[in-house]
>>> print(open('target.cif').read())   # mmCIF, C-alpha atoms
data_data
#
loop_
_atom_site.label_atom_id
_atom_site.label_comp_id
_atom_site.auth_asym_id
_atom_site.auth_seq_id
_atom_site.Cartn_x
_atom_site.Cartn_y
_atom_site.Cartn_z
CA MET A 7 0.00 0.00 0.00
CA LEU A 8 1.23 3.50 -0.85
CA GLU A 9 1.40 5.79 2.17
CA LYS A 10 1.87 9.57 1.90
CA LEU A 11 3.28 11.88 4.57
CA LYS A 12 2.74 15.63 4.37
CA VAL A 13 5.75 17.73 5.41
CA SER A 14 5.82 21.52 5.85
CA THR A 15 9.15 23.22 5.25
CA HIS A 16 10.02 26.68 6.52
CA GLN A 17 13.18 27.80 4.69
CA ARG A 18 14.49 27.66 1.14
CA CYS A 19 17.02 24.94 2.07
CA GLN A 20 16.34 22.78 5.09
CA LEU A 21 16.51 19.18 6.30
CA ILE A 22 13.32 18.03 8.06
CA ASP A 23 13.47 14.96 10.32
CA ILE A 24 10.67 12.52 9.41
CA THR A 25 11.91 9.55 11.47
CA LYS A 26 9.06 9.65 14.02
CA GLU A 27 6.37 9.76 11.33
CA ILE A 28 7.95 6.72 9.66
CA GLN A 29 8.11 4.80 12.97
CA THR A 30 4.41 5.56 13.52
CA LEU A 31 3.57 4.20 10.07
CA ILE A 32 5.49 0.97 10.70
CA LYS A 33 3.54 0.48 13.95
CA LYS A 34 0.23 1.17 12.19
CA HIS A 35 0.96 -1.55 9.62
CA LYS A 36 2.05 -4.02 12.34
CA VAL A 37 5.14 -5.05 10.39
CA LYS A 38 7.68 -6.97 12.45
CA GLN A 39 10.29 -7.57 9.73
CA GLY A 40 10.69 -6.06 6.31
CA ILE A 41 11.81 -3.26 4.05
CA ILE A 42 10.54 0.31 3.85
CA HIS A 43 11.07 2.25 0.64
CA ILE A 44 11.03 6.05 0.92
CA PHE A 45 10.38 8.16 -2.17
CA CYS A 46 10.33 11.92 -2.71
CA PRO A 47 7.88 12.85 -5.52
CA HIS A 48 9.43 16.31 -6.06
CA THR A 49 12.18 17.45 -8.45
CA THR A 50 13.53 20.17 -6.13
CA ALA A 51 13.68 18.08 -2.95
CA ALA A 52 15.24 14.75 -1.96
CA VAL A 53 15.46 12.21 0.86
CA THR A 54 18.54 11.20 2.83
CA VAL A 55 19.66 9.56 6.06
CA ASN A 56 22.04 11.26 8.51
CA GLU A 57 22.76 12.25 12.10
CA ASN A 58 19.74 13.31 14.12
CA TYR A 59 21.54 14.39 17.29
CA ASP A 60 23.35 17.68 16.59
CA PRO A 61 21.14 19.90 14.35
CA SER A 62 24.24 21.77 13.11
CA VAL A 63 24.99 18.72 10.93
CA GLN A 64 21.77 19.44 9.02
CA SER A 65 22.73 23.06 8.31
CA ASP A 66 26.29 22.02 7.39
CA ILE A 67 24.78 19.70 4.76
CA THR A 68 22.51 22.35 3.20
CA ASP A 69 25.16 25.13 3.49
CA THR A 70 27.88 23.03 1.83
CA LEU A 71 25.55 21.94 -0.98
CA SER A 72 24.69 25.63 -1.55
CA LYS A 73 28.37 26.59 -1.66
CA LEU A 74 29.05 23.91 -4.30
CA ILE A 75 25.83 24.54 -6.24
CA PRO A 76 24.93 28.24 -5.76
CA HIS A 77 21.39 29.58 -6.04
CA ASN A 78 22.35 31.76 -9.00
CA ALA A 79 25.15 30.71 -11.34
CA GLY A 80 24.04 31.40 -14.89
CA TYR A 81 21.95 28.27 -15.23
CA ALA A 82 20.03 27.52 -18.46
CA HIS A 83 16.78 26.80 -16.54
CA THR A 84 15.23 30.20 -15.94
CA GLU A 85 12.79 29.55 -13.11
CA GLY A 86 15.38 30.48 -10.45
CA ASN A 87 15.55 27.01 -8.94
CA ALA A 88 18.01 25.14 -11.19
CA ASP A 89 20.28 24.68 -8.14
CA ALA A 90 17.46 22.84 -6.36
CA HIS A 91 16.95 20.46 -9.31
CA ILE A 92 20.68 19.69 -9.41
CA LYS A 93 20.88 19.00 -5.65
CA SER A 94 17.78 16.81 -5.88
CA ALA A 95 19.23 14.75 -8.76
CA ILE A 96 22.51 14.19 -6.87
CA VAL A 97 21.24 13.51 -3.32
CA GLY A 98 18.48 11.33 -4.75
CA SER A 99 14.76 10.69 -4.56
CA SER A 100 14.84 7.27 -2.86
CA ARG A 101 16.31 5.50 0.14
CA THR A 102 15.63 1.98 1.38
CA LEU A 103 15.55 1.13 5.10
CA PHE A 104 15.10 -2.04 7.13
CA ILE A 105 12.46 -2.98 9.68
CA GLU A 106 13.35 -5.34 12.55
CA ASP A 107 11.33 -6.07 15.72
CA GLY A 108 8.58 -3.75 14.55
CA LYS A 109 10.72 -0.65 14.10
CA LEU A 110 13.38 0.97 11.88
CA ALA A 111 16.68 -0.93 12.07
CA PHE A 112 19.00 2.04 12.32
CA GLY A 113 22.40 3.16 13.48
CA THR A 114 22.47 4.89 16.90
CA TRP A 115 22.52 8.40 15.50
CA GLN A 116 20.57 8.01 12.27
CA GLY A 117 17.44 9.85 11.22
CA VAL A 118 15.53 10.09 7.92
CA TYR A 119 15.30 13.54 6.32
CA LEU A 120 13.29 15.26 3.68
CA CYS A 121 15.78 17.62 2.00
CA GLU A 122 14.06 20.85 0.98
CA PHE A 123 16.03 22.77 -1.66
CA ASP A 124 13.35 25.22 -2.91
CA GLY A 125 11.07 25.99 0.02
CA PRO A 126 9.19 26.93 1.99
CA ARG A 127 6.45 24.62 0.72
CA THR A 128 4.22 21.73 1.66
CA ARG A 129 5.91 18.56 0.46
CA GLU A 130 5.05 14.88 0.37
CA VAL A 131 7.10 11.81 1.15
CA TRP A 132 5.78 8.50 -0.19
CA LEU A 133 6.40 5.15 1.45
CA LYS A 134 5.88 1.47 0.70
CA ILE A 135 6.46 -1.37 3.14
CA ILE A 136 7.43 -4.87 1.98
CA LYS A 137 6.75 -7.46 4.72
CA GLU A 138 9.09 -10.40 5.15
CA LYS A 139 7.59 -13.76 5.95
CA GLU A 140 7.66 -14.28 9.71
CA MET B 9 12.47 -11.36 -13.72
CA LEU B 10 15.40 -9.23 -14.83
CA GLU B 11 14.54 -6.86 -17.68
CA LYS B 12 17.16 -4.98 -19.70
CA LEU B 13 16.68 -1.75 -21.63
CA LYS B 14 19.17 -0.66 -24.29
CA VAL B 15 19.87 3.09 -24.37
CA SER B 16 21.94 4.93 -26.99
CA THR B 17 23.67 8.09 -25.82
CA HIS B 18 24.94 10.80 -28.15
CA GLN B 19 27.23 13.05 -26.10
CA ARG B 20 29.97 12.58 -23.52
CA CYS B 21 27.68 13.85 -20.73
CA GLN B 22 23.92 13.62 -21.19
CA LEU B 23 20.72 12.71 -19.37
CA ILE B 24 18.45 10.39 -21.37
CA ASP B 25 14.78 10.12 -20.41
CA ILE B 26 13.76 6.44 -20.05
CA THR B 27 10.37 7.01 -18.41
CA LYS B 28 8.29 5.83 -21.39
CA GLU B 29 10.29 2.60 -21.74
CA ILE B 30 9.73 1.89 -18.04
CA GLN B 31 5.98 2.56 -18.32
CA THR B 32 5.82 0.13 -21.27
CA LEU B 33 7.57 -2.55 -19.21
CA ILE B 34 5.14 -2.12 -16.31
CA LYS B 35 2.22 -2.56 -18.71
CA LYS B 36 3.81 -5.66 -20.27
CA HIS B 37 4.12 -7.30 -16.83
CA LYS B 38 0.53 -6.36 -15.92
CA VAL B 39 1.55 -5.12 -12.48
CA LYS B 40 -1.11 -3.06 -10.73
CA GLN B 41 0.74 -2.33 -7.49
CA GLY B 42 4.36 -2.77 -6.56
CA ILE B 43 7.95 -1.60 -6.61
CA ILE B 44 10.29 -1.17 -9.54
CA HIS B 45 14.04 -1.24 -8.93
CA ILE B 46 16.21 0.48 -11.53
CA PHE B 47 19.90 -0.41 -11.78
CA CYS B 48 22.71 0.91 -13.98
CA PRO B 49 25.33 -1.80 -14.65
CA HIS B 50 28.03 0.70 -15.70
CA THR B 51 30.74 2.42 -13.65
CA THR B 52 30.76 5.62 -15.73
CA ALA B 53 27.00 6.16 -15.85
CA ALA B 54 24.20 6.40 -13.26
CA VAL B 55 20.44 6.66 -12.85
CA THR B 56 18.46 9.51 -11.35
CA VAL B 57 14.99 11.03 -11.20
CA ASN B 58 14.31 14.68 -12.07
CA GLU B 59 12.22 17.17 -14.03
CA ASN B 60 11.15 16.01 -17.48
CA TYR B 61 9.50 19.24 -18.62
CA ASP B 62 12.22 21.82 -19.35
CA PRO B 63 15.24 20.08 -21.01
CA SER B 64 17.55 22.85 -19.77
CA VAL B 65 17.35 21.24 -16.31
CA GLN B 66 19.09 18.18 -17.74
CA SER B 67 21.98 20.20 -19.17
CA ASP B 68 22.24 22.25 -15.94
CA ILE B 69 22.72 18.96 -14.06
CA THR B 70 25.47 17.62 -16.36
CA ASP B 71 27.16 21.05 -16.72
CA THR B 72 27.25 21.66 -12.96
CA LEU B 73 28.61 18.16 -12.26
CA SER B 74 31.34 18.81 -14.86
CA LYS B 75 32.23 22.15 -13.25
CA LEU B 76 32.61 20.45 -9.85
CA ILE B 77 34.32 17.32 -11.21
CA PRO B 78 36.25 18.39 -14.35
CA HIS B 79 37.12 16.00 -17.18
CA ASN B 80 40.85 16.47 -16.57
CA ALA B 81 42.13 17.32 -13.10
CA GLY B 82 45.25 15.25 -12.47
CA TYR B 83 43.39 12.09 -11.53
CA ALA B 84 45.30 8.89 -10.62
CA HIS B 85 43.18 6.78 -13.00
CA THR B 86 44.80 7.25 -16.42
CA GLU B 87 42.05 6.17 -18.80
CA GLY B 88 40.74 9.72 -19.17
CA ASN B 89 37.38 9.01 -17.55
CA ALA B 90 38.08 9.25 -13.81
CA ASP B 91 35.57 12.13 -13.67
CA ALA B 92 32.87 9.81 -15.01
CA HIS B 93 33.59 7.17 -12.35
CA ILE B 94 33.39 9.80 -9.60
CA LYS B 95 30.08 11.23 -10.87
CA SER B 96 28.68 7.70 -11.17
CA ALA B 97 29.68 6.80 -7.59
CA ILE B 98 28.05 9.98 -6.22
CA VAL B 99 24.82 10.12 -8.25
CA GLY B 100 24.38 6.39 -7.79
CA SER B 101 23.60 3.19 -9.66
CA SER B 102 20.14 2.50 -8.24
CA ARG B 103 16.79 4.15 -7.68
CA THR B 104 13.54 2.62 -6.42
CA LEU B 105 10.15 3.73 -7.73
CA PHE B 106 6.55 2.84 -6.95
CA ILE B 107 3.82 1.36 -9.14
CA GLU B 108 0.16 2.26 -8.50
CA ASP B 109 -2.85 1.62 -10.76
CA GLY B 110 -0.63 -0.10 -13.32
CA LYS B 111 1.81 2.79 -13.82
CA LEU B 112 4.69 4.70 -12.21
CA ALA B 113 3.54 6.62 -9.12
CA PHE B 114 5.35 9.86 -9.78
CA GLY B 115 5.35 13.55 -9.06
CA THR B 116 3.82 15.76 -11.78
CA TRP B 117 7.15 16.72 -13.34
CA GLN B 118 9.26 13.66 -12.67
CA GLY B 119 11.06 11.49 -15.21
CA VAL B 120 13.65 8.71 -14.88
CA TYR B 121 17.04 9.34 -16.47
CA LEU B 122 20.07 7.37 -17.48
CA CYS B 123 23.00 9.69 -16.71
CA GLU B 124 25.74 9.26 -19.30
CA PHE B 125 29.12 10.56 -18.10
CA ASP B 126 31.47 8.96 -20.64
CA GLY B 127 29.60 8.64 -23.92
CA PRO B 128 28.55 8.36 -26.60
CA ARG B 129 27.89 4.64 -26.11
CA THR B 130 25.20 2.01 -26.02
CA ARG B 131 24.22 1.51 -22.39
CA GLU B 132 21.91 -0.80 -20.49
CA VAL B 133 19.47 -0.13 -17.68
CA TRP B 134 18.34 -3.17 -15.70
CA LEU B 135 14.98 -3.41 -13.95
CA LYS B 136 13.19 -5.72 -11.53
CA ILE B 137 9.55 -5.46 -10.53
CA ILE B 138 8.26 -6.67 -7.15
CA LYS B 139 4.49 -7.19 -7.22
CA GLU B 140 2.40 -6.39 -4.17
CA LYS B 141 -0.45 -8.70 -3.27
CA GLU B 142 -3.64 -7.29 -4.74
CA MET C 23 16.56 -11.89 7.64
CA LEU C 24 18.94 -9.05 8.54
CA GLU C 25 22.59 -9.91 7.89
CA LYS C 26 25.48 -7.82 9.20
CA LEU C 27 29.00 -7.63 7.77
CA LYS C 28 31.87 -6.24 9.82
CA VAL C 29 34.35 -4.10 7.87
CA SER C 30 37.67 -2.73 9.18
CA THR C 31 38.85 0.50 7.60
CA HIS C 32 42.45 1.72 7.73
CA GLN C 33 42.44 5.37 6.65
CA ARG C 34 40.31 8.43 7.30
CA CYS C 35 38.82 8.28 3.78
CA GLN C 36 38.81 4.97 1.95
CA LEU C 37 36.64 2.76 -0.24
CA ILE C 38 36.58 -0.89 0.89
CA ASP C 39 35.46 -3.56 -1.59
CA ILE C 40 32.80 -5.80 0.01
CA THR C 41 31.70 -7.61 -3.16
CA LYS C 42 33.12 -11.02 -2.17
CA GLU C 43 31.47 -10.95 1.24
CA ILE C 44 28.14 -10.17 -0.41
CA GLN C 45 28.56 -13.02 -2.94
CA THR C 46 29.28 -15.42 -0.03
CA LEU C 47 26.11 -14.29 1.74
CA ILE C 48 24.00 -14.86 -1.39
CA LYS C 49 25.40 -18.41 -1.67
CA LYS C 50 24.72 -19.07 2.02
CA HIS C 51 21.06 -18.11 1.58
CA LYS C 52 20.73 -20.22 -1.58
CA VAL C 53 18.92 -17.46 -3.44
CA LYS C 54 18.73 -17.98 -7.18
CA GLN C 55 16.80 -14.86 -8.13
CA GLY C 56 16.01 -11.75 -6.17
CA ILE C 57 17.00 -8.39 -4.77
CA ILE C 58 19.68 -7.53 -2.24
CA HIS C 59 19.37 -4.30 -0.28
CA ILE C 60 22.59 -2.88 1.17
CA PHE C 61 22.43 -0.39 4.05
CA CYS C 62 25.13 1.52 5.90
CA PRO C 63 24.07 2.20 9.54
CA HIS C 64 26.63 5.01 10.04
CA THR C 65 26.28 8.76 9.55
CA THR C 66 29.92 9.31 8.49
CA ALA C 67 30.14 6.44 5.97
CA ALA C 68 28.13 5.36 2.92
CA VAL C 69 27.76 2.62 0.32
CA THR C 70 28.29 2.87 -3.41
CA VAL C 71 28.96 0.79 -6.51
CA ASN C 72 31.90 1.45 -8.84
CA GLU C 73 34.88 0.01 -10.73
CA ASN C 74 36.75 -2.75 -8.92
CA TYR C 75 39.59 -3.18 -11.43
CA ASP C 76 41.91 -0.18 -11.13
CA PRO C 77 42.26 0.81 -7.42
CA SER C 78 43.20 4.38 -8.44
CA VAL C 79 39.50 4.95 -9.21
CA GLN C 80 38.76 4.45 -5.52
CA SER C 81 41.31 7.07 -4.42
CA ASP C 82 40.13 9.47 -7.16
CA ILE C 83 36.63 9.22 -5.65
CA THR C 84 37.72 9.92 -2.06
CA ASP C 85 40.26 12.60 -3.10
CA THR C 86 37.75 14.48 -5.26
CA LEU C 87 35.09 14.36 -2.55
CA SER C 88 37.66 15.77 -0.09
CA LYS C 89 38.58 18.57 -2.49
CA LEU C 90 34.91 19.54 -2.83
CA ILE C 91 34.07 19.03 0.86
CA PRO C 92 37.28 19.75 2.82
CA HIS C 93 37.99 18.25 6.27
CA ASN C 94 38.05 21.71 7.85
CA ALA C 95 35.98 24.53 6.38
CA GLY C 96 34.37 26.42 9.28
CA TYR C 97 31.52 23.95 9.75
CA ALA C 98 28.91 24.49 12.49
CA HIS C 99 29.27 20.90 13.76
CA THR C 100 32.30 20.98 16.07
CA GLU C 101 33.30 17.33 16.31
CA GLY C 102 35.77 17.66 13.40
CA ASN C 103 33.88 15.30 11.10
CA ALA C 104 31.19 17.52 9.54
CA ASP C 105 32.75 16.79 6.13
CA ALA C 106 32.16 13.06 6.67
CA HIS C 107 28.47 13.62 7.53
CA ILE C 108 28.01 15.72 4.37
CA LYS C 109 29.70 13.14 2.11
CA SER C 110 27.62 10.38 3.71
CA ALA C 111 24.34 12.28 3.13
CA ILE C 112 25.18 12.90 -0.54
CA VAL C 113 26.66 9.52 -1.56
CA GLY C 114 23.92 7.76 0.37
CA SER C 115 23.29 5.00 2.88
CA SER C 116 21.56 2.50 0.60
CA ARG C 117 21.99 0.75 -2.74
CA THR C 118 19.85 -2.00 -4.28
CA LEU C 119 21.36 -4.79 -6.37
CA PHE C 120 19.99 -7.76 -8.29
CA ILE C 121 20.60 -11.48 -7.89
CA GLU C 122 20.46 -13.78 -10.95
CA ASP C 123 21.62 -17.40 -11.23
CA GLY C 124 22.65 -17.42 -7.58
CA LYS C 125 24.99 -14.43 -7.74
CA LEU C 126 25.13 -10.62 -8.04
CA ALA C 127 23.91 -9.45 -11.45
CA PHE C 128 26.57 -6.88 -12.13
CA GLY C 129 28.36 -5.00 -14.87
CA THR C 130 31.77 -6.42 -15.88
CA TRP C 131 33.77 -3.97 -13.79
CA GLN C 132 31.42 -3.29 -10.88
CA GLY C 133 32.11 -3.82 -7.19
CA VAL C 134 30.24 -2.78 -4.03
CA TYR C 135 32.05 -0.46 -1.66
CA LEU C 136 31.77 0.73 1.90
CA CYS C 137 32.81 4.40 1.76
CA GLU C 138 34.70 5.34 4.91
CA PHE C 139 34.79 9.11 5.47
CA ASP C 140 35.88 9.29 9.15
CA GLY C 141 38.08 6.25 9.82
CA PRO C 142 39.92 4.21 10.66
CA ARG C 143 37.16 2.30 12.46
CA THR C 144 35.25 -0.95 12.53
CA ARG C 145 32.08 -0.47 10.51
CA GLU C 146 29.02 -2.53 9.70
CA VAL C 147 27.12 -3.04 6.46
CA TRP C 148 23.60 -4.44 6.78
CA LEU C 149 21.91 -6.53 4.12
CA LYS C 150 18.49 -7.96 3.36
CA ILE C 151 17.67 -10.37 0.57
CA ILE C 152 14.23 -10.53 -1.06
CA LYS C 153 13.73 -13.83 -2.92
CA GLU C 154 11.77 -13.88 -6.14
CA LYS C 155 9.44 -16.79 -6.80
CA GLU C 156 11.27 -19.38 -8.86
#
>>> encode(input="target.cif", output="structure tokens")
Amino acid sequence: MLEKLKVSTHQRCQLIDITKEIQTLIKKHKVKQGIIHIFCPHTTAAVTVNENYDPSVQSDITDTLSKLIPHNAGYAHTEGNADAHIKSAIVGSSRTLFIEDGKLAFGTWQGVYLCEFDGPRTREVWLKIIKEKE
Amino acid sequence: MLEKLKVSTHQRCQLIDITKEIQTLIKKHKVKQGIIHIFCPHTTAAVTVNENYDPSVQSDITDTLSKLIPHNAGYAHTEGNADAHIKSAIVGSSRTLFIEDGKLAFGTWQGVYLCEFDGPRTREVWLKIIKEKE
Amino acid sequence: MLEKLKVSTHQRCQLIDITKEIQTLIKKHKVKQGIIHIFCPHTTAAVTVNENYDPSVQSDITDTLSKLIPHNAGYAHTEGNADAHIKSAIVGSSRTLFIEDGKLAFGTWQGVYLCEFDGPRTREVWLKIIKEKE
């Protein structure tokens, strides 16, 4: 079944932690063991996994991406968000995570993030769970 | 079942839209709901998802990658395509997409792309479909 | 079933080939056809797929990433490894590969790599296999 999360972003470039929402979804589906696929249906946003302890890591990620791929740099695409498309294509629209014992099987410090590169907006994150035989 | 698409590229660096070919494959397999895994079996190419409306987005992506990772920059690998390997490792060889109602579940402007970084060549894109119980 | 590989890294930034270990795991599970999901449970490491013939490709990848995202560049995160978090978020924590005829379905020159960005350390790579009906 396709599940959709709604995510509000508040800045042009921002990482939003969606780990809790994903845990809630796994509980709702009563999956003990399996795979969860995470997909971002936007061409100026992405999904990634990284540290969810020190929030400065999140701004280091968006700031460094913006240094490498500036907002304005003579792009051919004239809608003013070419940088966001490029970041989205590189960071990627999908990640695959594991479910064990009814929750995300994760490293100690990991969280799942929607990467907003052309906000603020209301975004969606789509998810599909594949159950393993128990 | 493993499916293979053949894709001809025409420039050294180029994004090639393979969305239609993937839609055709989904129809052929008569899958209503599921997952489609897309894999690029080359070390100097990649797959990504991005805007399929304005083609200038595609050239902005390849041009910006080439600015950051130039064709010649004193690389250790001496075959003249180290840049292509690096781009391939970063953009990535796999993406996972969703199937709903017998077609790709996509954002309004999304397309799937083979990213050629060392063309022109004939490339392959490999695909596997996982059906969900209906 | 969740499988865990242990990987020792020997430098701060290094790609470690884990293809053989993955092939061994596929044999152990007696899977003829399917999908293997590879996940890196660390926020300063990643997984990728690239050439496993000329080792200079691996150092070109880590060296170029370090040129673009230097070890020290006034990051907000003060643990001295912000660069590793950024590289990890961009290269990515997951890749999906195919199994055919009881082994990895791969391009001629492809290998799977743990990307160490803040070593040396002992790392883990997690794997899940989804069997296709035969």
>>> interface_residues(input="target.cif", of="chain C", to="chain B", cutoff="10 Å", atoms="all atoms listed in the file", output="compact mmCIF listing (two decimals) with C-alpha atoms, keeping the file's coordinate frame")
# COMPACT_ATOMS: atom_id res chain seq x y z
CA GLN C 55 16.80 -14.86 -8.13
CA GLY C 56 16.01 -11.75 -6.17
CA ILE C 57 17.00 -8.39 -4.77
CA VAL C 69 27.76 2.62 0.32
CA THR C 70 28.29 2.87 -3.41
CA VAL C 71 28.96 0.79 -6.51
CA ASN C 72 31.90 1.45 -8.84
CA GLU C 73 34.88 0.01 -10.73
CA ASN C 74 36.75 -2.75 -8.92
CA ASP C 76 41.91 -0.18 -11.13
CA PRO C 77 42.26 0.81 -7.42
CA SER C 78 43.20 4.38 -8.44
CA VAL C 79 39.50 4.95 -9.21
CA GLN C 80 38.76 4.45 -5.52
CA SER C 81 41.31 7.07 -4.42
CA ASP C 82 40.13 9.47 -7.16
CA ILE C 83 36.63 9.22 -5.65
CA THR C 84 37.72 9.92 -2.06
CA ASP C 85 40.26 12.60 -3.10
CA THR C 86 37.75 14.48 -5.26
CA LEU C 87 35.09 14.36 -2.55
CA LYS C 89 38.58 18.57 -2.49
CA LEU C 90 34.91 19.54 -2.83
CA LYS C 109 29.70 13.14 2.11
CA SER C 110 27.62 10.38 3.71
CA ILE C 112 25.18 12.90 -0.54
CA VAL C 113 26.66 9.52 -1.56
CA GLY C 114 23.92 7.76 0.37
CA SER C 116 21.56 2.50 0.60
CA ARG C 117 21.99 0.75 -2.74
CA THR C 118 19.85 -2.00 -4.28
CA LEU C 119 21.36 -4.79 -6.37
CA PHE C 120 19.99 -7.76 -8.29
CA ILE C 121 20.60 -11.48 -7.89
CA GLU C 122 20.46 -13.78 -10.95
CA ALA C 127 23.91 -9.45 -11.45
CA PHE C 128 26.57 -6.88 -12.13
CA GLY C 129 28.36 -5.00 -14.87
CA THR C 130 31.77 -6.42 -15.88
CA TRP C 131 33.77 -3.97 -13.79
CA GLN C 132 31.42 -3.29 -10.88
CA GLY C 133 32.11 -3.82 -7.19
CA TYR C 135 32.05 -0.46 -1.66
CA ILE C 152 14.23 -10.53 -1.06
CA LYS C 153 13.73 -13.83 -2.92
CA GLU C 154 11.77 -13.88 -6.14
CA LYS C 155 9.44 -16.79 -6.80
CA GLU C 156 11.27 -19.38 -8.86
>>> residues_around(input="target.cif", residues="Lys28 in chain C", least_positions_apart="2", cutoff="8 Å", atoms="only C-alpha atoms", output="ChimeraX atom specification")
/C:26,30,144-147
>>> atom_distance(input="target.cif", atom1="CA of Leu23 in chain B", atom2="CA of Phe139 in chain C")
28.8 Å
>>> axis_aligned_box(input="target.cif", around="range 38-56 of chain B", padding_each_side="6 Å", output="JSON")
{"center_x": 14.8, "center_y": 1.6, "center_z": -11.2, "size_x": 43.9, "size_y": 27.9, "size_z": 21.4}
>>> closest_residue(input="target.cif", among="C:Ile40, C:Leu126, C:Leu27, C:Ala106", to="Gly141 in chain C", atoms="all atoms listed in the file")
C:Ala106
>>> atom_distance(input="target.cif", atom1="CA of Asp23 in chain A", atom2="CA of Arg127 in chain A")
15.3 Å
>>> atom_distance(input="target.cif", atom1="CA of Thr27 in chain B", atom2="CA of Glu11 in chain B")
14.5 Å
>>> build_atoms(input="target.cif", residues="range 64-77 of chain B", atoms="N, CA and C atoms", output="short mmCIF file (atom, residue, chain, number, x, y, z; two decimals), in the coordinates of the input")
data_model
loop_
_atom_site.label_atom_id
_atom_site.label_comp_id
_atom_site.auth_asym_id
_atom_site.auth_seq_id
_atom_site.Cartn_x
_atom_site.Cartn_y
_atom_site.Cartn_z
N SER B 64 16.37 22.13 -20.26
CA SER B 64 17.55 22.85 -19.77
C SER B 64 17.96 22.37 -18.39
N VAL B 65 17.01 21.80 -17.63
CA VAL B 65 17.35 21.24 -16.31
C VAL B 65 18.37 20.11 -16.47
N GLN B 66 18.17 19.31 -17.51
CA GLN B 66 19.09 18.18 -17.74
C GLN B 66 20.50 18.65 -18.04
N SER B 67 20.63 19.71 -18.87
CA SER B 67 21.98 20.20 -19.17
C SER B 67 22.57 20.95 -17.97
N ASP B 68 21.72 21.62 -17.17
CA ASP B 68 22.24 22.25 -15.94
C ASP B 68 22.85 21.19 -15.01
N ILE B 69 22.21 20.03 -14.93
CA ILE B 69 22.72 18.96 -14.06
C ILE B 69 24.08 18.46 -14.56
N THR B 70 24.18 18.14 -15.86
CA THR B 70 25.47 17.62 -16.36
C THR B 70 26.54 18.72 -16.35
N ASP B 71 26.17 19.96 -16.69
CA ASP B 71 27.16 21.05 -16.72
C ASP B 71 27.70 21.34 -15.31
N THR B 72 26.81 21.35 -14.33
CA THR B 72 27.25 21.66 -12.96
C THR B 72 28.13 20.53 -12.42
N LEU B 73 27.75 19.28 -12.68
CA LEU B 73 28.61 18.16 -12.26
C LEU B 73 30.00 18.27 -12.91
N SER B 74 30.04 18.70 -14.17
CA SER B 74 31.34 18.81 -14.86
C SER B 74 32.17 20.00 -14.37
N LYS B 75 31.49 21.04 -13.86
CA LYS B 75 32.23 22.15 -13.25
C LYS B 75 32.87 21.68 -11.94
N LEU B 76 32.11 20.91 -11.15
CA LEU B 76 32.61 20.45 -9.85
C LEU B 76 33.65 19.34 -10.01
N ILE B 77 33.45 18.50 -11.00
CA ILE B 77 34.32 17.32 -11.21
C ILE B 77 34.76 17.36 -12.67
#
